[in-house]
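Here the structure comes first, spelled out in structure tokens, and everything after it is commentary.
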Amino acid sequence: MSSQTRPAGVHSIDHFALNVPSLAEADRFYRSFGLEVNGSSDELELRAQDGHRWARVLPAAGKSLAYLSFNCYAADLAQIERQARAAGASFDVNPRALRGAVNEGIWFHDPDGNLLQVKPGVKTTPDSKLPLVQQQAPANARGSVTRAEAPFIRPRRMSHVLMFSPDVLRILDFYHRALGLQLSDRSLDVIAFTHGPHGSDHHLVAFAKSHAKGWHHVAWDVARIDDVGIGASQMAKAGYKEGWGTGRHVLGSNYFHYVRDPWGSFSEYSADIDYVPAGAQWDAGNYQPEDSLYLWGPDVPEYFIRNTDS
């Protein structure tokens, strides 16, 4: 598809809002992960090193996505609204009824029932691939540090989110037609990865097949491969030992370690993910299931693919 025939597209995720059963547990988990946590008894806000507010964490009876907020260029908003209506979005939404949500831009539900916001806003995705910091020691010098000297890992920024869907191909088509997201790669109808058309990581939003919609993980970018492993140890020391990794993905190519949160979903340390420049033609592939998860790494635990939202 040429750039002239592509739909208008969002350029980035502004933030996500997540319902959780305990703000106290969320505060401890995300602080341990290396994020800045601010808030009160009613809401937490999560920030990475870049200072952007990437998430609102809200108290609720169970864990679920409250909404996902995208940013676009102001000139594209009207066209995105037309695209979303043509794609079958439900605009029967009253954002004033949403706790703390700003009535800005447009609000609608996708075919799975996820609540989305699209508004003009700053581009939070990088405009070029961020460098992977490689540190090679010269001869006759130590290349590592002691465990006591290991740094406390703080992610640079949010990279992407992955949600469960009962129909991956349908939801993939909707996000392309409505929001202009482009297919990066997929594996049959099991999992699909999409990027933004204005310069984006290999995946900005991804979808995995399940019996119902649900929240699977949020990925946070770190600068070094060592940061992925040190982050995993950091979380294990804090008591969060369940998860998956450390390994390297085929689709997206990033090094990863997923840490299981108190509600059965995950936060991921991610380093060196593939990048799709603005307007580039990415050669999207349809891969076999054995390539959909990892190039190398430990066996996938059964709970990793469990939808704990329903």
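Note on naming: chains are A, B, ... as they come in the structure tokens, residues start from 1 per chain, ligands start from 1 in the order shown.
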Fewer than 6 positions away in the same chain doesn't count, so skip those; otherwise give me all residues within 8 Å of Pro120 (chain A), counting only C-alpha atoms, as a ChimeraX atom specification. /A:71-74,77,105
Could you make a table, as a tab-separated table, of the residues of region 69-172 of chain A that have an atom within 10 Å of an atom of region 16-23 of chain A, each with its nearest atom pair and distance in Å to one decimal, counting only C-alpha atoms, in chain and number order?
residue	atom	partner	partner_atom	distance
A:Ser69	CA	A:Phe16	CA	5.9
A:Phe70	CA	A:Phe16	CA	8.7
A:Ala101	CA	A:Ala17	CA	9.2
A:Leu116	CA	A:Phe16	CA	9.3
A:Gln117	CA	A:Phe16	CA	9.7
A:Val161	CA	A:Phe16	CA	9.0
May I have the selected residues written with all heavy atoms, as an mmCIF file, in the first residue's frame?
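And here's out_7.cif as it stands now:
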data_model
loop_
_atom_site.group_PDB
_atom_site.id
_atom_site.type_symbol
_atom_site.label_atom_id
_atom_site.label_comp_id
_atom_site.auth_asym_id
_atom_site.auth_seq_id
_atom_site.Cartn_x
_atom_site.Cartn_y
_atom_site.Cartn_z
ATOM 1 N N SER A 69 -5.242 5.674 25.443
ATOM 2 C CA SER A 69 -5.266 7.005 24.843
ATOM 3 C C SER A 69 -4.143 7.147 23.819
ATOM 4 O O SER A 69 -2.973 6.899 24.129
ATOM 5 C CB SER A 69 -5.108 8.074 25.932
ATOM 6 O OG SER A 69 -5.038 9.366 25.367
ATOM 7 N N PHE A 70 -4.505 7.553 22.589
ATOM 8 C CA PHE A 70 -3.558 7.775 21.512
ATOM 9 C C PHE A 70 -3.428 9.262 21.217
ATOM 10 O O PHE A 70 -4.388 10.025 21.367
ATOM 11 C CB PHE A 70 -4.026 7.078 20.227
ATOM 12 C CG PHE A 70 -4.013 5.584 20.273
ATOM 13 C CD1 PHE A 70 -5.147 4.873 20.653
ATOM 14 C CD2 PHE A 70 -2.877 4.865 19.926
ATOM 15 C CE1 PHE A 70 -5.146 3.488 20.684
ATOM 16 C CE2 PHE A 70 -2.860 3.489 19.950
ATOM 17 C CZ PHE A 70 -3.997 2.783 20.331
ATOM 18 N N ALA A 101 -10.794 11.245 33.613
ATOM 19 C CA ALA A 101 -10.451 11.321 32.192
ATOM 20 C C ALA A 101 -10.804 12.693 31.640
ATOM 21 O O ALA A 101 -11.818 13.288 32.016
ATOM 22 C CB ALA A 101 -11.177 10.231 31.412
ATOM 23 N N LEU A 116 -11.247 3.632 23.725
ATOM 24 C CA LEU A 116 -10.103 4.332 23.153
ATOM 25 C C LEU A 116 -10.358 5.836 23.130
ATOM 26 O O LEU A 116 -11.488 6.279 22.936
ATOM 27 C CB LEU A 116 -9.832 3.856 21.727
ATOM 28 C CG LEU A 116 -9.691 2.349 21.494
ATOM 29 C CD1 LEU A 116 -9.439 2.066 20.024
ATOM 30 C CD2 LEU A 116 -8.589 1.758 22.366
ATOM 31 N N GLN A 117 -9.274 6.574 23.311
ATOM 32 C CA GLN A 117 -9.292 8.021 23.116
ATOM 33 C C GLN A 117 -8.270 8.351 22.040
ATOM 34 O O GLN A 117 -7.168 7.796 22.020
ATOM 35 C CB GLN A 117 -8.922 8.760 24.406
ATOM 36 C CG GLN A 117 -8.878 10.288 24.254
ATOM 37 C CD GLN A 117 -8.300 10.987 25.476
ATOM 38 O OE1 GLN A 117 -7.441 10.450 26.169
ATOM 39 N NE2 GLN A 117 -8.774 12.197 25.756
ATOM 40 N N VAL A 161 2.201 -1.873 24.061
ATOM 41 C CA VAL A 161 1.254 -2.654 24.862
ATOM 42 C C VAL A 161 0.754 -3.829 24.026
ATOM 43 O O VAL A 161 0.765 -3.783 22.792
ATOM 44 C CB VAL A 161 0.057 -1.806 25.344
ATOM 45 C CG1 VAL A 161 0.534 -0.606 26.159
ATOM 46 C CG2 VAL A 161 -0.805 -1.345 24.172
#
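Between Asp272 (chain A) and the candidates A:Val145, A:Ala238, A:Leu130, A:Ile305, the tightest atom-to-atom separation, counting only C-alpha atoms, involves A:Leu130.
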Show me, as number ranges by chain, the residues that have an atom within 9 Å of Gly100 (chain A) when counting only C-alpha atoms, minus same-chain residues fewer than 3 positions from it. A: 43, 96-97
Keeping only all heavy atoms, write the selected residues to a file as an mmCIF file, in the first residue's frame.
data_model
loop_
_atom_site.group_PDB
_atom_site.id
_atom_site.type_symbol
_atom_site.label_atom_id
_atom_site.label_comp_id
_atom_site.auth_asym_id
_atom_site.auth_seq_id
_atom_site.Cartn_x
_atom_site.Cartn_y
_atom_site.Cartn_z
ATOM 1 N N GLU A 43 -5.744 7.385 42.831
ATOM 2 C CA GLU A 43 -5.123 7.179 41.525
ATOM 3 C C GLU A 43 -3.608 7.254 41.645
ATOM 4 O O GLU A 43 -3.072 8.048 42.438
ATOM 5 C CB GLU A 43 -5.607 8.250 40.542
ATOM 6 C CG GLU A 43 -4.951 8.207 39.193
ATOM 7 C CD GLU A 43 -5.440 9.313 38.265
ATOM 8 O OE1 GLU A 43 -6.564 9.835 38.512
ATOM 9 O OE2 GLU A 43 -4.738 9.648 37.308
ATOM 10 N N ARG A 96 -17.236 12.151 30.368
ATOM 11 C CA ARG A 96 -17.394 12.853 31.642
ATOM 12 C C ARG A 96 -17.682 11.883 32.779
ATOM 13 O O ARG A 96 -17.462 12.206 33.949
ATOM 14 C CB ARG A 96 -18.525 13.883 31.525
ATOM 15 C CG ARG A 96 -18.203 15.059 30.609
ATOM 16 C CD ARG A 96 -19.326 16.080 30.610
ATOM 17 N NE ARG A 96 -19.045 17.229 29.755
ATOM 18 C CZ ARG A 96 -19.302 17.263 28.457
ATOM 19 N NH1 ARG A 96 -19.878 16.200 27.885
ATOM 20 N NH2 ARG A 96 -19.004 18.329 27.742
ATOM 21 N N ALA A 97 -18.197 10.704 32.429
ATOM 22 C CA ALA A 97 -18.488 9.704 33.456
ATOM 23 C C ALA A 97 -17.248 8.904 33.843
ATOM 24 O O ALA A 97 -17.287 8.121 34.798
ATOM 25 C CB ALA A 97 -19.577 8.746 32.956
#
A straight line from CA of Arg154 (chain A) to CA of Gln234 (chain A) spans 10.6 Å
